[in-house]
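**Student:** What follows is a single structure, and I will ask about it in a moment.
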There are 2 protein chains.
Amino acid sequence: MRPSSETEGEPPVSHSLAARWRAATVLLALMAIPALAAEGGKRDSGPSDEQVAAELRDAALAGQNMAWDWVSELATRYGPRPAGSDSERQAAEWAAGRLKALGFANVHIETFPLTAWVRGTESAQIVAPVVQPLVAAALGESPPTPAGGVEGEVVIFPTLDDLKNAPAGSLTGKIAFVSARMVRTQDGAGYGVVVAARGAGPGEAARRGAVAFMLRSVGTDSNRIAHTGTTAYVDGRVPLPAFAISGPDADQIERLAALGEKVRVRFFSTASYVKDAHSQNVVADVPGRAHPEEIVLLGAHLDSWDQGTGAIDDGTGTAIIAAAAELIREIPRHPPRRTVRVVLFGSEEVAQPVAPFGAFGGHSYVDNHKAELPAHVLAGESDFGSDRIYRLALPAGVMKSAFATTAMRVLEPIGVLPSHQPAGEGGTDIGPAVAAGVPVFELFQDGSRYFDIHHTADDTLDKIDREQLDQNVAAWAALVWLAADGDVDFRAPPAAPAPPAAPAPPAAPPARAPR
Amino acid sequence: MRPSSETEGEPPVSHSLAARWRAATVLLALMAIPALAAEGGKRDSGPSDEQVAAELRDAALAGQNMAWDWVSELATRYGPRPAGSDSERQAAEWAAGRLKALGFANVHIETFPLTAWVRGTESAQIVAPVVQPLVAAALGESPPTPAGGVEGEVVIFPTLDDLKNAPAGSLTGKIAFVSARMVRTQDGAGYGVVVAARGAGPGEAARRGAVAFMLRSVGTDSNRIAHTGTTAYVDGRVPLPAFAISGPDADQIERLAALGEKVRVRFFSTASYVKDAHSQNVVADVPGRAHPEEIVLLGAHLDSWDQGTGAIDDGTGTAIIAAAAELIREIPRHPPRRTVRVVLFGSEEVAQPVAPFGAFGGHSYVDNHKAELPAHVLAGESDFGSDRIYRLALPAGVMKSAFATTAMRVLEPIGVLPSHQPAGEGGTDIGPAVAAGVPVFELFQDGSRYFDIHHTADDTLDKIDREQLDQNVAAWAALVWLAADGDVDFRAPPAAPAPPAAPAPPAAPPARAPR
């Protein structure tokens with residue numbers, strides 16, 4: 001909301017950040033040969049979109065450090081940023097201040113209410129056959145235990161389905177334990193297989209009489225660190241105290257059971273809820289020069305789980321999209337034809353019942369920007385850590401277009417392959433917008449090590465590979481430039497399959513717009 | 001104390017362990033060609049010592065799994081085994097039962113008193129500039145905080161020397177933080193450089209008026225897991241509440257300070273002491289056939305820190321020496337000439353003032369076995385994790401002997417090199433025996449990743465590489481066999497350096513026995 005010159009009130013670091021960027025801009029401006037196009041959108045004979053995209057890509061790879069500086073200051077100053085917390089709000093104010101200082105337009109914060117969940121004191125032990133400490137974390141949104149804790153014999157279920165097959169009443173007074181192990185894959189496919197137990201487990205256990213639910217952490221590491229995450233509501237609440245235990249603790253319980261021991265576990269938690277909390281989205285634009293009403297939406301989330309510092313989930317996502325947009329704002333000789341909008345969402349890590357996605361920030365954005373949604377030409381979300389991008393998925397209608405060909409020419413040199421599938425739902429934050437018809441692209445990141453630290457205390461800055469982080473910025477800046485400076489209709493239906501040799505009637509359009 | 005046939009009272013697993021070993025023994029006995037020598041020590045024309053050592057080595061590498069089964073059951077059944085705790089005592093009883101069941105002689109437990117230290121509830125936070133949780137662990141032996149916790153501004157000292165250079169009174173009301181970072185090396189040399197701060201830091205901080213002491217965990221990992229360990233006593237007590245924080249937490253505080261922030265931290269701990277606790281050593285022998293009074297001593301410790309499960313520190317040490325001795329008991333056609341003694345020490349992880357080593361178990365052993373010490377021909381200790389052995393150090397007097405040549409012929413094929421330095425002090429547990437004149441050998445393990453998990457909650461079974469564990473057993477079994485079945489005097493003085501060309505007087509013996 002403030003012009004970029006009004007930076008007197010900002011902390012000194014924002015000055016240095018902005019100053020460094022201004023210096024970089026001057027340097028690059030000196031290198032710029034073609035004249036800046038005047039208003040109105042028609043360019044003179046400057047470099048092609050592809051040349052500018054390559055220039056953005058290479059600038060990102062040249063070690064500008066903006067993404068690193070952003071995520072480093074965010075995670076250091078504010079640490080964990082749980083949805084609805086003071087630190088989430090302070091981080092949003094900081095981010096808005098930085099974006100204003102850099103020169104973004106339309107920078108503002110959009111607040112919305114939610115019930116916050118607050119981790120309390122918690123502990124877990126094996127109490128029989130011998131007392132041993134467990135490393136556990138209450139699942140987000142799960143209720144506290146009774147003041148004296150909750151204790152029971154552990155019943156091990158290798159999968160959620162095994163728990164679902166247990167008879168009614170068979171878990172009375174017991175603790176249900178789903179011990180399924182996540183498989184490490186590059187695309188994170190192992191997550192979906194086991195995370196269902198985190199969502200549905202407490203409800204299934206409660207229906208069978210259990211006093212608590214526990215699961216092996218949904219993660220791929222072998223550290224004594226538990227992976228939290230939300231659980232599903234049943235009739236408006238999480239029905240049971242629910243915990244994740246670390247992988248080695250799950251192994252220990254399985255081995256004790258294999259030795260023929262009956263294992264009893266005790267949990268204690270003083271988790272609580274804050275009914276009148278607020279969260280917020282931060283919005284910032286690089287206004288389009290020709291069609292400012294057309295928006296390319298870049299999303300990531302500012303909130304984080306409460307035990308780590310939200311460095312890779314999703315501090316780096318916010319850093320990647322902010323840095324990519326800033327490069328687009330600064331480096332080309334002219335603004336893009338369309339508006340590039342950065343939205344730093346609040347309260348992504350929340351699963352209170354908000355159909356159909358559970359993304360408070362995403363729903364709030366759609367509610368606030370309903371009228372603009374038809375002019376959202378494309379959206380993408382960065383929320384899978386900080387490792388390199390290896391694949392690009394585009395909306396079905398442009399998969400075989402000149403746009404795709406150009407994009408791949410710019411991205412293949414930095415290790416990005418084309419996906420043979422169209423982009424999916426994009427992510428939690430932009431999910432409600434995508435559900436409302438906004439086309440989506442996906443820049444898939446290498447998730448091989450993402451689930452080692454996802455949703456844990458170990459989500460800290462030291463886990464970021466700065467070279468891979470810059471590669472993300474490069475891919476985002478180049479692709480978003482191509483989308484924003486062109487006039488491609490990403491809502492276009494997919495091309496009809498090539499007709500057989502014999503003449504055929506024209507293909508019918510698909511029943512619904514691709515998304 | 002019970003003969004090996006009295007196993008009726010043992011849990012079923014010990015049966016299966018013993019049965020598996022008996023089966024392996026039968027198999028190997030069928031392969032044995034030479035006749036077993038009669039009593040008295042002179043062998044018939046059976047295989048050479050070197051051939052038997054190679055046979056032991058190869059049997060260990062053949063996947064017998066004894067070491068794994070031992071450490072797995074130990075760490076699973078009893079979990080953490082802090083000095084003086086019930087679980088340490090139960091683990092000692094379990095180990096003695098296993099050794100008896102396997103057929104060891106003279107199996108008994110030697111109890112001794114100590115004051116136990118018990119971790120309580122503890123927590124740590126950055127309280128300014130913003131509240132952030134810290135991952136911290138009270139240092140062993142350190143006193144509790146006041147009931148309301150202890151809070152102060154953090155003063156960062158890059159090294160212990162920097163803290164020592166701070167003026168008297170300069171830390172009044174503050175928290176001293178030594179932030180030195182451990183260097184990763186194969187031989188663990190980085191540990192000694194920084195661990196001095198853990199020992200001396202609380203005393204130095206207290207002398208300057210500090211209210212608490214903290215240090216960056218002495219470790220090489222980058223996980224949100226703190227490394228505990230003991231601190232030095234000053235006038236009979238640890239003078240201040242003292243904590244290790246995880247590496248990423250140390251980074252966070254350093255970055256906040258670099259942003260110009262004054263960082264305030266709050267610690268809370270209800271640690272306590274148990275004055276009338278007891279610990280114990282477990283002793284078990286493979287009696288020598290010719291000189292049973294001559295003892296080759298193998299040591300490791302059964303106690304562990306309280307947050308992990310003592311898998312690599314030092315469950316694997318106890319497993320390695322027990323498995324090596326069991327192979328020596330079972331596989332050769334005859335017992336060794338000398339006795340092989342396994343001692344599983346208690347209370348190694350303790351630094352209460354017991355001059356000069358602080359090893360309660362080691363001192364108790366020397367006190368109880370004073371008369372036998374002159375007949376302890378050699379001692380070795382396994383207490384550096386479970387990764388492969390890469391170097392052998394022998395007493396100075398045998399470094400260039402036929403014994404060394406034979407040992408290296410057996411060990412080089414499994415990746416062990418000779419050390420060009422004589423063995424040092426051997427380790428904490430055998431330290432008092434070595435100080436009393438017992439010669440020592442050292443089988444150096446690859447410690448490259450040892451300090452990632454040393455003294456942490458992460459010391460769990462999954463960190464053990466079973467192949468490398470077996471290589472340890474192979475090296476121990478082979479070397480100990482060579483020492484126990486021979487008649488080498490390891491107290492022999494080193495050979496005189498080769499005389500110059502001119503005749504020289506006979507070399508004088510060294511002023512003291514090498515150790």
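Residue names in the structure tokens use chain letters A, B, ... in the order shown, residue numbers from 1 in each chain, and ligand numbers from 1 in the order shown.
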Kindly provide, as a ChimeraX atom specification, the residues of chain A having any atom no farther than 8 Å from an atom of chain B, counting only C-alpha atoms.
**Tutor:** /A:13,76-80,87,129-130,132-133,222-225,248,252,255-256,259,307,457-458,460-462
**Student:** Pull N, CA, C and O atoms from the residues just selected and write them as a short mmCIF file (atom, residue, chain, number, x, y, z; two decimals), in the first residue's frame.
**Tutor:**
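What ended up in out-v3.cif:
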data_model
loop_
_atom_site.label_atom_id
_atom_site.label_comp_id
_atom_site.auth_asym_id
_atom_site.auth_seq_id
_atom_site.Cartn_x
_atom_site.Cartn_y
_atom_site.Cartn_z
N VAL A 13 17.66 -4.27 7.89
CA VAL A 13 17.95 -5.37 6.98
C VAL A 13 17.18 -5.25 5.66
O VAL A 13 17.67 -5.57 4.61
N THR A 76 14.82 -17.18 10.76
CA THR A 76 15.62 -16.79 11.93
C THR A 76 14.84 -15.84 12.84
O THR A 76 14.75 -16.04 14.05
N ARG A 77 14.25 -14.79 12.24
CA ARG A 77 13.55 -13.80 13.07
C ARG A 77 12.31 -14.37 13.73
O ARG A 77 12.00 -14.05 14.87
N TYR A 78 11.55 -15.18 13.00
CA TYR A 78 10.23 -15.57 13.50
C TYR A 78 10.13 -17.03 13.90
O TYR A 78 9.17 -17.42 14.55
N GLY A 79 11.10 -17.84 13.52
CA GLY A 79 11.07 -19.24 13.93
C GLY A 79 9.77 -19.90 13.49
O GLY A 79 9.27 -19.63 12.39
N PRO A 80 9.19 -20.74 14.33
CA PRO A 80 7.93 -21.40 13.96
C PRO A 80 6.81 -20.38 13.81
O PRO A 80 6.74 -19.41 14.57
N SER A 87 3.57 -15.06 15.83
CA SER A 87 4.74 -15.08 14.95
C SER A 87 4.31 -15.21 13.49
O SER A 87 4.97 -14.65 12.60
N PRO A 129 6.96 -53.46 28.97
CA PRO A 129 7.53 -54.21 30.09
C PRO A 129 8.55 -53.44 30.93
O PRO A 129 8.72 -53.76 32.10
N VAL A 130 9.28 -52.48 30.37
CA VAL A 130 10.13 -51.61 31.18
C VAL A 130 9.88 -50.18 30.74
O VAL A 130 9.42 -49.94 29.61
N GLN A 132 10.53 -46.80 29.22
CA GLN A 132 11.45 -46.22 28.24
C GLN A 132 10.80 -44.96 27.69
O GLN A 132 9.60 -44.95 27.41
N PRO A 133 11.58 -43.90 27.52
CA PRO A 133 10.99 -42.68 26.92
C PRO A 133 10.69 -42.89 25.44
O PRO A 133 11.41 -43.59 24.75
N SER A 222 15.36 -41.63 9.78
CA SER A 222 15.52 -42.60 10.86
C SER A 222 16.06 -41.88 12.09
O SER A 222 16.96 -42.35 12.76
N ASN A 223 15.50 -40.72 12.38
CA ASN A 223 15.91 -39.95 13.54
C ASN A 223 14.84 -40.00 14.62
O ASN A 223 13.67 -40.25 14.34
N ARG A 224 15.28 -39.74 15.86
CA ARG A 224 14.32 -39.69 16.98
C ARG A 224 13.62 -38.33 16.96
O ARG A 224 13.73 -37.53 17.90
N ILE A 225 12.91 -38.07 15.90
CA ILE A 225 12.18 -36.83 15.74
C ILE A 225 10.83 -37.21 15.14
O ILE A 225 10.78 -37.93 14.15
N PRO A 248 12.39 -44.68 14.82
CA PRO A 248 13.07 -45.61 15.72
C PRO A 248 12.20 -46.03 16.92
O PRO A 248 12.33 -47.16 17.39
N GLN A 252 11.11 -49.84 17.87
CA GLN A 252 11.33 -50.38 19.23
C GLN A 252 10.07 -51.10 19.72
O GLN A 252 10.15 -52.20 20.27
N ARG A 255 9.66 -54.31 17.85
CA ARG A 255 10.60 -55.34 18.30
C ARG A 255 10.21 -55.91 19.66
O ARG A 255 10.33 -57.11 19.91
N LEU A 256 9.75 -55.03 20.56
CA LEU A 256 9.30 -55.53 21.87
C LEU A 256 8.15 -56.51 21.68
O LEU A 256 8.11 -57.56 22.33
N LEU A 259 9.34 -59.79 20.58
CA LEU A 259 9.95 -60.57 21.66
C LEU A 259 8.89 -61.20 22.56
O LEU A 259 9.20 -61.82 23.57
N GLN A 307 7.13 -26.93 15.60
CA GLN A 307 8.34 -27.45 16.24
C GLN A 307 9.60 -27.09 15.46
O GLN A 307 10.66 -26.91 16.05
N ALA A 457 10.67 -30.85 13.96
CA ALA A 457 11.57 -29.84 14.55
C ALA A 457 12.80 -29.63 13.69
O ALA A 457 13.48 -28.61 13.81
N ASP A 458 13.08 -30.59 12.85
CA ASP A 458 14.30 -30.54 12.03
C ASP A 458 14.15 -29.67 10.78
O ASP A 458 15.09 -29.58 9.97
N THR A 460 14.79 -26.81 9.50
CA THR A 460 15.63 -25.64 9.82
C THR A 460 16.50 -25.28 8.62
O THR A 460 16.67 -26.09 7.69
N LEU A 461 17.05 -24.09 8.67
CA LEU A 461 17.75 -23.51 7.51
C LEU A 461 18.89 -24.36 6.98
O LEU A 461 19.15 -24.37 5.77
N ASP A 462 19.59 -25.03 7.90
CA ASP A 462 20.76 -25.81 7.48
C ASP A 462 20.40 -26.90 6.48
O ASP A 462 21.29 -27.45 5.83
#
**Student:** Taking the DSSP assignment computed from this structure's backbone, write out as a list in words all residues of region 432-470 of chain B that belong to alpha helix (DSSP H).
**Tutor:** Pro432, Ala433, Val434, Ala435, Tyr450, Phe451, Asp452, Ile453, Arg466, Glu467, Gln468, Leu469 and Asp470 of chain B
**Student:** Mind listing the strand (DSSP E) residues of region 114-283 of chain B, per DSSP on the backbone, as a ChimeraX atom specification?
**Tutor:** /B:114-118,122-128,132-133,136-138,150-157,175-178,212-216,242-245,264-269,272-283
**Student:** Could you write out the selected residues, including C-alpha atoms, as a PDB file, in the first residue's frame?
**Tutor:**
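Result file follows (selection_32.pdb):
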ATOM      1  CA  LEU B 114      27.416 -44.348  43.235  1.00  0.00           C
ATOM      2  CA  THR B 115      25.315 -41.220  43.257  1.00  0.00           C
ATOM      3  CA  ALA B 116      23.038 -41.404  40.240  1.00  0.00           C
ATOM      4  CA  TRP B 117      21.989 -38.396  38.219  1.00  0.00           C
ATOM      5  CA  VAL B 118      18.423 -38.366  36.921  1.00  0.00           C
ATOM      6  CA  GLU B 122      13.351 -29.846  31.024  1.00  0.00           C
ATOM      7  CA  SER B 123      12.671 -27.150  28.491  1.00  0.00           C
ATOM      8  CA  ALA B 124      14.390 -24.263  26.774  1.00  0.00           C
ATOM      9  CA  GLN B 125      13.190 -21.281  24.777  1.00  0.00           C
ATOM     10  CA  ILE B 126      14.421 -18.151  23.166  1.00  0.00           C
ATOM     11  CA  VAL B 127      12.267 -15.545  24.950  1.00  0.00           C
ATOM     12  CA  ALA B 128      13.497 -12.461  23.102  1.00  0.00           C
ATOM     13  CA  GLN B 132      11.029 -19.745  19.863  1.00  0.00           C
ATOM     14  CA  PRO B 133      11.440 -23.244  21.250  1.00  0.00           C
ATOM     15  CA  ALA B 136      18.252 -28.637  24.589  1.00  0.00           C
ATOM     16  CA  ALA B 137      19.429 -31.330  26.964  1.00  0.00           C
ATOM     17  CA  ALA B 138      20.708 -30.801  30.486  1.00  0.00           C
ATOM     18  CA  VAL B 150      16.563 -19.436  34.821  1.00  0.00           C
ATOM     19  CA  GLU B 151      16.632 -16.679  32.237  1.00  0.00           C
ATOM     20  CA  GLY B 152      19.274 -14.331  30.930  1.00  0.00           C
ATOM     21  CA  GLU B 153      20.814 -12.580  28.001  1.00  0.00           C
ATOM     22  CA  VAL B 154      23.063 -14.830  25.994  1.00  0.00           C
ATOM     23  CA  VAL B 155      26.743 -13.948  25.654  1.00  0.00           C
ATOM     24  CA  ILE B 156      28.339 -15.870  22.800  1.00  0.00           C
ATOM     25  CA  PHE B 157      31.902 -17.154  23.108  1.00  0.00           C
ATOM     26  CA  ILE B 175      24.007 -17.040  30.205  1.00  0.00           C
ATOM     27  CA  ALA B 176      27.394 -18.030  28.785  1.00  0.00           C
ATOM     28  CA  PHE B 177      27.184 -19.785  25.413  1.00  0.00           C
ATOM     29  CA  VAL B 178      30.212 -21.511  23.894  1.00  0.00           C
ATOM     30  CA  ALA B 212      23.588 -20.764  33.433  1.00  0.00           C
ATOM     31  CA  PHE B 213      25.914 -22.297  30.870  1.00  0.00           C
ATOM     32  CA  MET B 214      25.078 -23.580  27.418  1.00  0.00           C
ATOM     33  CA  LEU B 215      27.092 -24.936  24.543  1.00  0.00           C
ATOM     34  CA  ARG B 216      26.575 -26.046  20.985  1.00  0.00           C
ATOM     35  CA  ALA B 242      24.237 -26.453  32.150  1.00  0.00           C
ATOM     36  CA  PHE B 243      22.751 -27.429  28.817  1.00  0.00           C
ATOM     37  CA  ALA B 244      23.693 -28.511  25.324  1.00  0.00           C
ATOM     38  CA  ILE B 245      21.559 -27.136  22.494  1.00  0.00           C
ATOM     39  CA  ARG B 264      17.456 -13.920  25.832  1.00  0.00           C
ATOM     40  CA  VAL B 265      17.067 -17.583  26.692  1.00  0.00           C
ATOM     41  CA  ARG B 266      15.184 -19.405  29.426  1.00  0.00           C
ATOM     42  CA  PHE B 267      16.029 -22.868  30.741  1.00  0.00           C
ATOM     43  CA  PHE B 268      14.097 -25.151  33.042  1.00  0.00           C
ATOM     44  CA  SER B 269      15.247 -28.456  34.525  1.00  0.00           C
ATOM     45  CA  SER B 272      18.037 -34.653  40.566  1.00  0.00           C
ATOM     46  CA  TYR B 273      20.508 -36.939  42.309  1.00  0.00           C
ATOM     47  CA  VAL B 274      20.019 -40.333  43.966  1.00  0.00           C
ATOM     48  CA  LYS B 275      22.649 -40.701  46.672  1.00  0.00           C
ATOM     49  CA  ASP B 276      22.329 -44.395  47.471  1.00  0.00           C
ATOM     50  CA  ALA B 277      22.282 -45.878  43.972  1.00  0.00           C
ATOM     51  CA  HIS B 278      24.312 -48.860  42.826  1.00  0.00           C
ATOM     52  CA  SER B 279      25.856 -49.927  39.569  1.00  0.00           C
ATOM     53  CA  GLN B 280      27.673 -53.117  38.622  1.00  0.00           C
ATOM     54  CA  ASN B 281      30.214 -54.801  36.380  1.00  0.00           C
ATOM     55  CA  VAL B 282      29.504 -58.154  34.729  1.00  0.00           C
ATOM     56  CA  VAL B 283      32.493 -60.519  34.530  1.00  0.00           C
TER      57      VAL B 283
END
**Student:** Quote the spacing between CA of Thr316 (chain B) and CA of Ala67 (chain B) in Å to one decimal place.
**Tutor:**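 A separation of 7.2 Å between them.
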**Student:** Which residues are near Leu394 (chain B)? Cut-off 10 Å, only C-alpha atoms, ignore same chain within fewer than 2 positions. Put them as a list in words.
**Tutor:**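 Selected residues are Leu378, Gly380, Leu392, Ala396, Gly397, Val398, Met399, Lys400, Phe403, Ala404, Pro418, Ser419, His420, Gln421, Pro422, Ala423, Gly424, Pro439, Val440, Phe441, Glu442, Leu443, Phe490 and Arg515 of chain B.
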**Student:** Using only C-alpha atoms, which of B:Asp285, B:Asp452, B:Glu293, B:Asp69 sits nearest Ser217 (chain B)?
**Tutor:**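 Answer, going by the shortest atom-to-atom distance: B:Asp452.
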**Student:** I need the residue nearest Thr220 (chain B) from this list: B:Thr428, B:Thr406, B:Ser448, B:Ser170. Use only C-alpha atoms for the distance.
**Tutor:**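 Comparing B:Thr428, B:Thr406, B:Ser448, B:Ser170 against Thr220 (chain B), the winner is B:Ser448.
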**Student:** Using only C-alpha atoms, which residues sit within 7 Å of Asp314 (chain B) once same-chain residues fewer than 6 positions away are excluded, as a ChimeraX atom specification?
**Tutor:** /B:300-302,304,383,385
**Student:** Those residues you just picked out, can you put them in a file as an mmCIF file, in the first residue's frame with all heavy atoms?
**Tutor:**
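Saved file out-v7.cif follows:
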data_model
loop_
_atom_site.group_PDB
_atom_site.id
_atom_site.type_symbol
_atom_site.label_atom_id
_atom_site.label_comp_id
_atom_site.auth_asym_id
_atom_site.auth_seq_id
_atom_site.Cartn_x
_atom_site.Cartn_y
_atom_site.Cartn_z
ATOM 1 N N ALA B 300 33.905 -53.230 27.688
ATOM 2 C CA ALA B 300 32.913 -52.350 27.035
ATOM 3 C C ALA B 300 31.940 -51.967 28.148
ATOM 4 O O ALA B 300 32.010 -52.525 29.243
ATOM 5 C CB ALA B 300 32.198 -53.079 25.905
ATOM 6 N N HIS B 301 31.036 -51.011 27.882
ATOM 7 C CA HIS B 301 30.158 -50.639 29.000
ATOM 8 C C HIS B 301 28.682 -50.846 28.695
ATOM 9 O O HIS B 301 28.226 -50.620 27.584
ATOM 10 C CB HIS B 301 30.440 -49.221 29.500
ATOM 11 C CG HIS B 301 30.126 -48.111 28.549
ATOM 12 N ND1 HIS B 301 28.881 -47.546 28.467
ATOM 13 C CD2 HIS B 301 30.898 -47.443 27.663
ATOM 14 C CE1 HIS B 301 28.909 -46.564 27.565
ATOM 15 N NE2 HIS B 301 30.112 -46.488 27.056
ATOM 16 N N LEU B 302 27.999 -51.281 29.736
ATOM 17 C CA LEU B 302 26.573 -51.602 29.618
ATOM 18 C C LEU B 302 25.690 -50.397 29.882
ATOM 19 O O LEU B 302 24.551 -50.352 29.412
ATOM 20 C CB LEU B 302 26.192 -52.685 30.630
ATOM 21 C CG LEU B 302 26.166 -54.130 30.142
ATOM 22 C CD1 LEU B 302 25.815 -55.047 31.306
ATOM 23 C CD2 LEU B 302 25.193 -54.340 28.988
ATOM 24 N N SER B 304 24.344 -46.498 29.625
ATOM 25 C CA SER B 304 24.211 -45.609 28.459
ATOM 26 C C SER B 304 23.629 -44.287 28.925
ATOM 27 O O SER B 304 23.126 -44.174 30.049
ATOM 28 C CB SER B 304 23.274 -46.220 27.422
ATOM 29 O OG SER B 304 21.920 -46.060 27.808
ATOM 30 N N ASP B 383 34.515 -49.122 22.442
ATOM 31 C CA ASP B 383 33.558 -48.087 22.857
ATOM 32 C C ASP B 383 33.604 -46.916 21.888
ATOM 33 O O ASP B 383 33.800 -45.773 22.285
ATOM 34 C CB ASP B 383 33.880 -47.630 24.288
ATOM 35 C CG ASP B 383 32.827 -46.659 24.835
ATOM 36 O OD1 ASP B 383 31.735 -46.575 24.247
ATOM 37 O OD2 ASP B 383 33.111 -45.987 25.842
ATOM 38 N N GLY B 385 31.309 -47.046 18.886
ATOM 39 C CA GLY B 385 30.277 -47.302 17.901
ATOM 40 C C GLY B 385 30.369 -48.669 17.278
ATOM 41 O O GLY B 385 30.921 -49.605 17.874
#
**Student:** Just want the 12 Å neighbourhood of Gly192 (chain A), counted on only C-alpha atoms, with same-chain residues fewer than 4 positions away dropped. Output as a PyMOL selection string.
**Tutor:** chain A and resi 180-185+187-188+196-199+218-219+451
**Student:** The selected residues should be written to file as a CSV table (one decimal), in the first residue's frame (atoms: N, CA and C atoms).
**Tutor:**
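What ended up in out.csv:
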chain,number,residue,atom,x,y,z
A,180,ALA,N,2.6,-48.5,9.7
A,180,ALA,CA,3.0,-48.4,8.3
A,180,ALA,C,4.2,-47.5,8.1
A,181,ARG,N,5.1,-47.9,7.2
A,181,ARG,CA,6.3,-47.2,6.9
A,181,ARG,C,6.2,-46.5,5.6
A,182,MET,N,6.6,-45.2,5.5
A,182,MET,CA,6.6,-44.5,4.3
A,182,MET,C,7.7,-44.9,3.4
A,183,VAL,N,7.4,-45.1,2.1
A,183,VAL,CA,8.4,-45.4,1.1
A,183,VAL,C,9.0,-44.1,0.5
A,184,ARG,N,10.3,-44.1,0.4
A,184,ARG,CA,11.0,-42.9,-0.1
A,184,ARG,C,10.9,-42.9,-1.7
A,185,THR,N,10.4,-41.8,-2.2
A,185,THR,CA,10.3,-41.7,-3.7
A,185,THR,C,10.7,-40.2,-4.0
A,187,ASP,N,9.0,-38.3,-6.1
A,187,ASP,CA,7.8,-37.5,-6.3
A,187,ASP,C,6.9,-37.5,-5.1
A,188,GLY,N,7.4,-38.1,-4.0
A,188,GLY,CA,6.6,-38.0,-2.8
A,188,GLY,C,5.4,-38.9,-2.8
A,196,ALA,N,-3.0,-41.3,4.9
A,196,ALA,CA,-4.4,-41.5,5.2
A,196,ALA,C,-4.6,-42.0,6.6
A,197,ALA,N,-3.7,-42.7,7.1
A,197,ALA,CA,-3.8,-43.2,8.5
A,197,ALA,C,-3.7,-42.1,9.5
A,198,ARG,N,-3.0,-41.0,9.2
A,198,ARG,CA,-2.9,-39.9,10.1
A,198,ARG,C,-4.2,-39.2,10.1
A,199,GLY,N,-4.9,-39.1,9.0
A,199,GLY,CA,-6.1,-38.4,8.9
A,199,GLY,C,-7.3,-39.2,9.5
A,218,VAL,N,4.9,-40.2,9.6
A,218,VAL,CA,4.9,-40.2,8.2
A,218,VAL,C,6.1,-39.4,7.7
A,219,GLY,N,7.2,-40.2,7.5
A,219,GLY,CA,8.4,-39.6,7.1
A,219,GLY,C,9.4,-40.7,6.7
A,451,PHE,N,10.8,-35.6,2.9
A,451,PHE,CA,10.0,-36.2,4.0
A,451,PHE,C,10.9,-36.7,5.1
**Student:** Using only C-alpha atoms, find the one residue out of B:Gly84, B:Gly315, B:Pro374, B:Gly362 that sits nearest to Leu469 (chain B).
**Tutor:**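 Result for the nearest residue to Leu469 (chain B): B:Gly315.
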**Student:** Residues within 12 Å of Lys370 (chain B), please, as a PyMOL selection string. Count only C-alpha atoms; anything in the same chain fewer than 6 positions from it doesn't count.
**Tutor:** chain B and resi 362-364+376+432-433+436-438
**Student:** Name all residues at most 9 Å from Arg341 (chain A) (count only C-alpha atoms; drop same-chain ones fewer than 3 positions away) and give them as a short mmCIF file (atom, residue, chain, number, x, y, z; two decimals) with C-alpha atoms, in the first residue's frame.
**Tutor:**
data_model
loop_
_atom_site.label_atom_id
_atom_site.label_comp_id
_atom_site.auth_asym_id
_atom_site.auth_seq_id
_atom_site.Cartn_x
_atom_site.Cartn_y
_atom_site.Cartn_z
CA VAL A 283 -0.75 -10.12 -1.52
CA ALA A 284 1.75 -8.29 -3.77
CA ASP A 285 1.62 -7.53 -7.48
CA VAL A 286 3.94 -6.83 -10.38
CA PRO A 287 1.30 -4.99 -12.44
CA ILE A 295 -3.25 -12.42 -13.27
CA VAL A 296 -0.62 -15.13 -13.07
CA LEU A 297 -0.90 -16.28 -9.45
CA LEU A 298 2.13 -17.59 -7.53
CA GLY A 299 1.36 -19.15 -4.15
CA ALA A 325 8.58 -12.19 -9.06
#
